[in-house]
$ cat input-v7.cif   # mmCIF, N, CA and C atoms
data_coords
loop_
_atom_site.label_atom_id
_atom_site.label_comp_id
_atom_site.auth_asym_id
_atom_site.auth_seq_id
_atom_site.Cartn_x
_atom_site.Cartn_y
_atom_site.Cartn_z
N MET A 1 0.84 -1.18 0.00
CA MET A 1 0.00 0.00 0.00
C MET A 1 0.88 1.24 0.00
N ASN A 2 0.82 1.98 -1.05
CA ASN A 2 1.61 3.19 -1.16
C ASN A 2 0.72 4.41 -1.02
N ILE A 3 0.78 5.04 0.13
CA ILE A 3 0.05 6.30 0.30
C ILE A 3 1.05 7.40 0.03
N ASP A 4 0.86 8.04 -1.10
CA ASP A 4 1.75 9.13 -1.43
C ASP A 4 1.17 10.43 -0.89
N ILE A 5 2.00 11.42 -0.85
CA ILE A 5 1.63 12.69 -0.26
C ILE A 5 0.59 13.42 -1.10
N SER A 6 0.43 13.02 -2.36
CA SER A 6 -0.53 13.72 -3.23
C SER A 6 -1.97 13.54 -2.76
N THR A 7 -2.29 12.40 -2.17
CA THR A 7 -3.64 12.17 -1.65
C THR A 7 -3.93 13.13 -0.50
N ILE A 8 -2.96 13.34 0.36
CA ILE A 8 -3.14 14.27 1.47
C ILE A 8 -3.31 15.69 0.93
N PHE A 9 -2.54 16.05 -0.09
CA PHE A 9 -2.68 17.38 -0.69
C PHE A 9 -4.02 17.53 -1.40
N GLN A 10 -4.52 16.47 -2.00
CA GLN A 10 -5.83 16.55 -2.64
C GLN A 10 -6.92 16.81 -1.61
N ILE A 11 -6.87 16.10 -0.49
CA ILE A 11 -7.87 16.30 0.56
C ILE A 11 -7.76 17.72 1.13
N ALA A 12 -6.54 18.18 1.36
CA ALA A 12 -6.36 19.54 1.87
C ALA A 12 -6.84 20.57 0.85
N GLY A 13 -6.56 20.33 -0.42
CA GLY A 13 -7.01 21.25 -1.47
C GLY A 13 -8.53 21.33 -1.55
N ILE A 14 -9.17 20.20 -1.45
CA ILE A 14 -10.64 20.19 -1.45
C ILE A 14 -11.16 20.97 -0.25
N GLY A 15 -10.54 20.79 0.89
CA GLY A 15 -10.97 21.51 2.09
C GLY A 15 -10.81 23.02 1.94
N ILE A 16 -9.70 23.45 1.37
CA ILE A 16 -9.47 24.89 1.18
C ILE A 16 -10.46 25.47 0.19
N ILE A 17 -10.69 24.78 -0.92
CA ILE A 17 -11.62 25.27 -1.94
C ILE A 17 -13.04 25.33 -1.38
N VAL A 18 -13.44 24.30 -0.66
CA VAL A 18 -14.79 24.28 -0.07
C VAL A 18 -14.93 25.42 0.94
N ALA A 19 -13.90 25.66 1.73
CA ALA A 19 -13.96 26.73 2.72
C ALA A 19 -14.09 28.10 2.04
N MET A 20 -13.36 28.30 0.95
CA MET A 20 -13.45 29.58 0.23
C MET A 20 -14.83 29.76 -0.39
N ILE A 21 -15.35 28.72 -1.04
CA ILE A 21 -16.67 28.81 -1.66
C ILE A 21 -17.74 29.04 -0.58
N HIS A 22 -17.60 28.36 0.54
CA HIS A 22 -18.55 28.52 1.64
C HIS A 22 -18.55 29.97 2.14
N THR A 23 -17.37 30.54 2.30
CA THR A 23 -17.26 31.92 2.78
C THR A 23 -17.88 32.90 1.80
N VAL A 24 -17.60 32.72 0.51
CA VAL A 24 -18.14 33.62 -0.50
C VAL A 24 -19.66 33.52 -0.55
N LEU A 25 -20.18 32.31 -0.53
CA LEU A 25 -21.63 32.16 -0.58
C LEU A 25 -22.30 32.71 0.67
N LYS A 26 -21.66 32.54 1.80
CA LYS A 26 -22.23 33.07 3.04
C LYS A 26 -22.24 34.60 3.03
N GLN A 27 -21.19 35.20 2.48
CA GLN A 27 -21.15 36.65 2.38
C GLN A 27 -22.21 37.18 1.41
N MET A 28 -22.56 36.39 0.43
CA MET A 28 -23.58 36.78 -0.53
C MET A 28 -24.99 36.56 0.02
N GLY A 29 -25.10 35.96 1.18
CA GLY A 29 -26.39 35.72 1.79
C GLY A 29 -27.05 34.43 1.37
N LYS A 30 -26.29 33.52 0.80
CA LYS A 30 -26.84 32.24 0.36
C LYS A 30 -26.33 31.14 1.29
N GLU A 31 -26.82 31.17 2.51
CA GLU A 31 -26.34 30.21 3.51
C GLU A 31 -26.72 28.78 3.17
N ASP A 32 -27.90 28.61 2.56
CA ASP A 32 -28.32 27.25 2.19
C ASP A 32 -27.35 26.62 1.19
N MET A 33 -27.00 27.39 0.17
CA MET A 33 -26.05 26.87 -0.83
C MET A 33 -24.67 26.63 -0.20
N ALA A 34 -24.29 27.50 0.73
CA ALA A 34 -22.99 27.35 1.40
C ALA A 34 -22.94 26.04 2.18
N HIS A 35 -24.04 25.73 2.85
CA HIS A 35 -24.07 24.47 3.61
C HIS A 35 -24.06 23.26 2.68
N TRP A 36 -24.74 23.36 1.54
CA TRP A 36 -24.74 22.25 0.58
C TRP A 36 -23.34 22.02 0.01
N VAL A 37 -22.63 23.11 -0.26
CA VAL A 37 -21.25 22.97 -0.77
C VAL A 37 -20.39 22.26 0.27
N THR A 38 -20.57 22.61 1.53
CA THR A 38 -19.81 21.97 2.59
C THR A 38 -20.14 20.48 2.69
N VAL A 39 -21.41 20.15 2.60
CA VAL A 39 -21.82 18.75 2.67
C VAL A 39 -21.26 17.96 1.48
N ILE A 40 -21.33 18.52 0.30
CA ILE A 40 -20.81 17.83 -0.89
C ILE A 40 -19.30 17.64 -0.79
N GLY A 41 -18.59 18.67 -0.32
CA GLY A 41 -17.15 18.52 -0.11
C GLY A 41 -16.82 17.45 0.90
N PHE A 42 -17.61 17.37 1.96
CA PHE A 42 -17.40 16.35 2.98
C PHE A 42 -17.62 14.96 2.40
N VAL A 43 -18.65 14.80 1.59
CA VAL A 43 -18.94 13.49 0.99
C VAL A 43 -17.82 13.07 0.04
N VAL A 44 -17.30 14.00 -0.74
CA VAL A 44 -16.20 13.67 -1.66
C VAL A 44 -14.98 13.20 -0.88
N VAL A 45 -14.63 13.93 0.17
CA VAL A 45 -13.48 13.53 0.98
C VAL A 45 -13.75 12.21 1.69
N LEU A 46 -14.98 12.01 2.13
CA LEU A 46 -15.33 10.75 2.79
C LEU A 46 -15.15 9.56 1.85
N PHE A 47 -15.54 9.72 0.59
CA PHE A 47 -15.33 8.63 -0.37
C PHE A 47 -13.84 8.37 -0.60
N MET A 48 -13.04 9.42 -0.62
CA MET A 48 -11.59 9.24 -0.78
C MET A 48 -11.01 8.47 0.41
N VAL A 49 -11.45 8.81 1.61
CA VAL A 49 -10.94 8.15 2.81
C VAL A 49 -11.41 6.70 2.87
N VAL A 50 -12.65 6.45 2.47
CA VAL A 50 -13.16 5.08 2.45
C VAL A 50 -12.37 4.22 1.47
N ARG A 51 -12.03 4.79 0.32
CA ARG A 51 -11.22 4.05 -0.65
C ARG A 51 -9.85 3.71 -0.08
N LEU A 52 -9.24 4.68 0.63
CA LEU A 52 -7.95 4.43 1.26
C LEU A 52 -8.06 3.39 2.37
N LEU A 53 -9.13 3.44 3.15
CA LEU A 53 -9.33 2.44 4.20
C LEU A 53 -9.54 1.04 3.61
N ASN A 54 -10.22 0.98 2.48
CA ASN A 54 -10.40 -0.30 1.81
C ASN A 54 -9.05 -0.88 1.39
N GLU A 55 -8.20 -0.04 0.83
CA GLU A 55 -6.85 -0.52 0.46
C GLU A 55 -6.07 -0.97 1.68
N LEU A 56 -6.20 -0.23 2.79
CA LEU A 56 -5.51 -0.60 4.02
C LEU A 56 -5.98 -1.96 4.53
N PHE A 57 -7.30 -2.17 4.57
CA PHE A 57 -7.82 -3.44 5.05
C PHE A 57 -7.45 -4.60 4.13
N GLN A 58 -7.41 -4.36 2.83
CA GLN A 58 -6.97 -5.41 1.91
C GLN A 58 -5.52 -5.78 2.16
N GLU A 59 -4.69 -4.77 2.43
CA GLU A 59 -3.28 -5.03 2.72
C GLU A 59 -3.13 -5.80 4.03
N ILE A 60 -3.88 -5.43 5.04
CA ILE A 60 -3.84 -6.13 6.33
C ILE A 60 -4.32 -7.57 6.15
N LYS A 61 -5.35 -7.74 5.34
CA LYS A 61 -5.88 -9.08 5.09
C LYS A 61 -4.84 -9.96 4.41
N THR A 62 -4.12 -9.42 3.44
CA THR A 62 -3.11 -10.22 2.75
C THR A 62 -1.92 -10.53 3.65
N ILE A 63 -1.61 -9.64 4.57
CA ILE A 63 -0.47 -9.88 5.45
C ILE A 63 -0.79 -10.95 6.49
N PHE A 64 -1.95 -10.80 7.15
CA PHE A 64 -2.24 -11.69 8.26
C PHE A 64 -2.92 -12.99 7.86
N LEU A 65 -3.55 -13.03 6.71
CA LEU A 65 -4.19 -14.26 6.28
C LEU A 65 -3.37 -15.02 5.24
N PHE A 66 -2.22 -14.46 4.89
CA PHE A 66 -1.26 -15.10 4.00
C PHE A 66 -1.90 -15.48 2.66
N GLN A 67 -2.59 -14.53 2.08
CA GLN A 67 -3.21 -14.80 0.76
C GLN A 67 -2.42 -14.13 -0.32
#
$ encode --input "input-v7.cif" --output "structure tokens"
Amino acid sequence: MNIDISTIFQIAGIGIIVAMIHTVLKQMGKEDMAHWVTVIGFVVVLFMVVRLLNELFQEIKTIFLFQ
């Protein structure tokens, strides 16, 4: 399992972009849209983390079950 630093930078980049969009929308008075952007950003990052956890568990499975 090779976790390169680019995945961490992608997650951080998504967080920064979502935070900027959230701030701009909130300043424009569109709080509902700002919250939706935050939720969508969270879901995208959650899928990335789930994919990484799946790779981790597959690696652990191959190590301890000798497959």
$ atom_distance --input "input-v7.cif" --atom1 "atom C of Thr7 (chain A)" --atom2 "atom N of Thr23 (chain A)"
22.2 Å
$ atom_distance --input "input-v7.cif" --atom1 "CA of Phe64 (chain A)" --atom2 "CA of Ile5 (chain A)"
26.1 Å
$ resolve_selection --input "input-v7.cif" --expression "the PyMOL selection byres ((chain A and resi 35-51) around 8)" --output "ChimeraX atom specification"
/A:10-11,14-15,18-19,21-22,25-26,30-34,52-57
$ atom_distance --input "input-v7.cif" --atom1 "CA of Gln27 (chain A)" --atom2 "atom C of Ile8 (chain A)"
27.6 Å
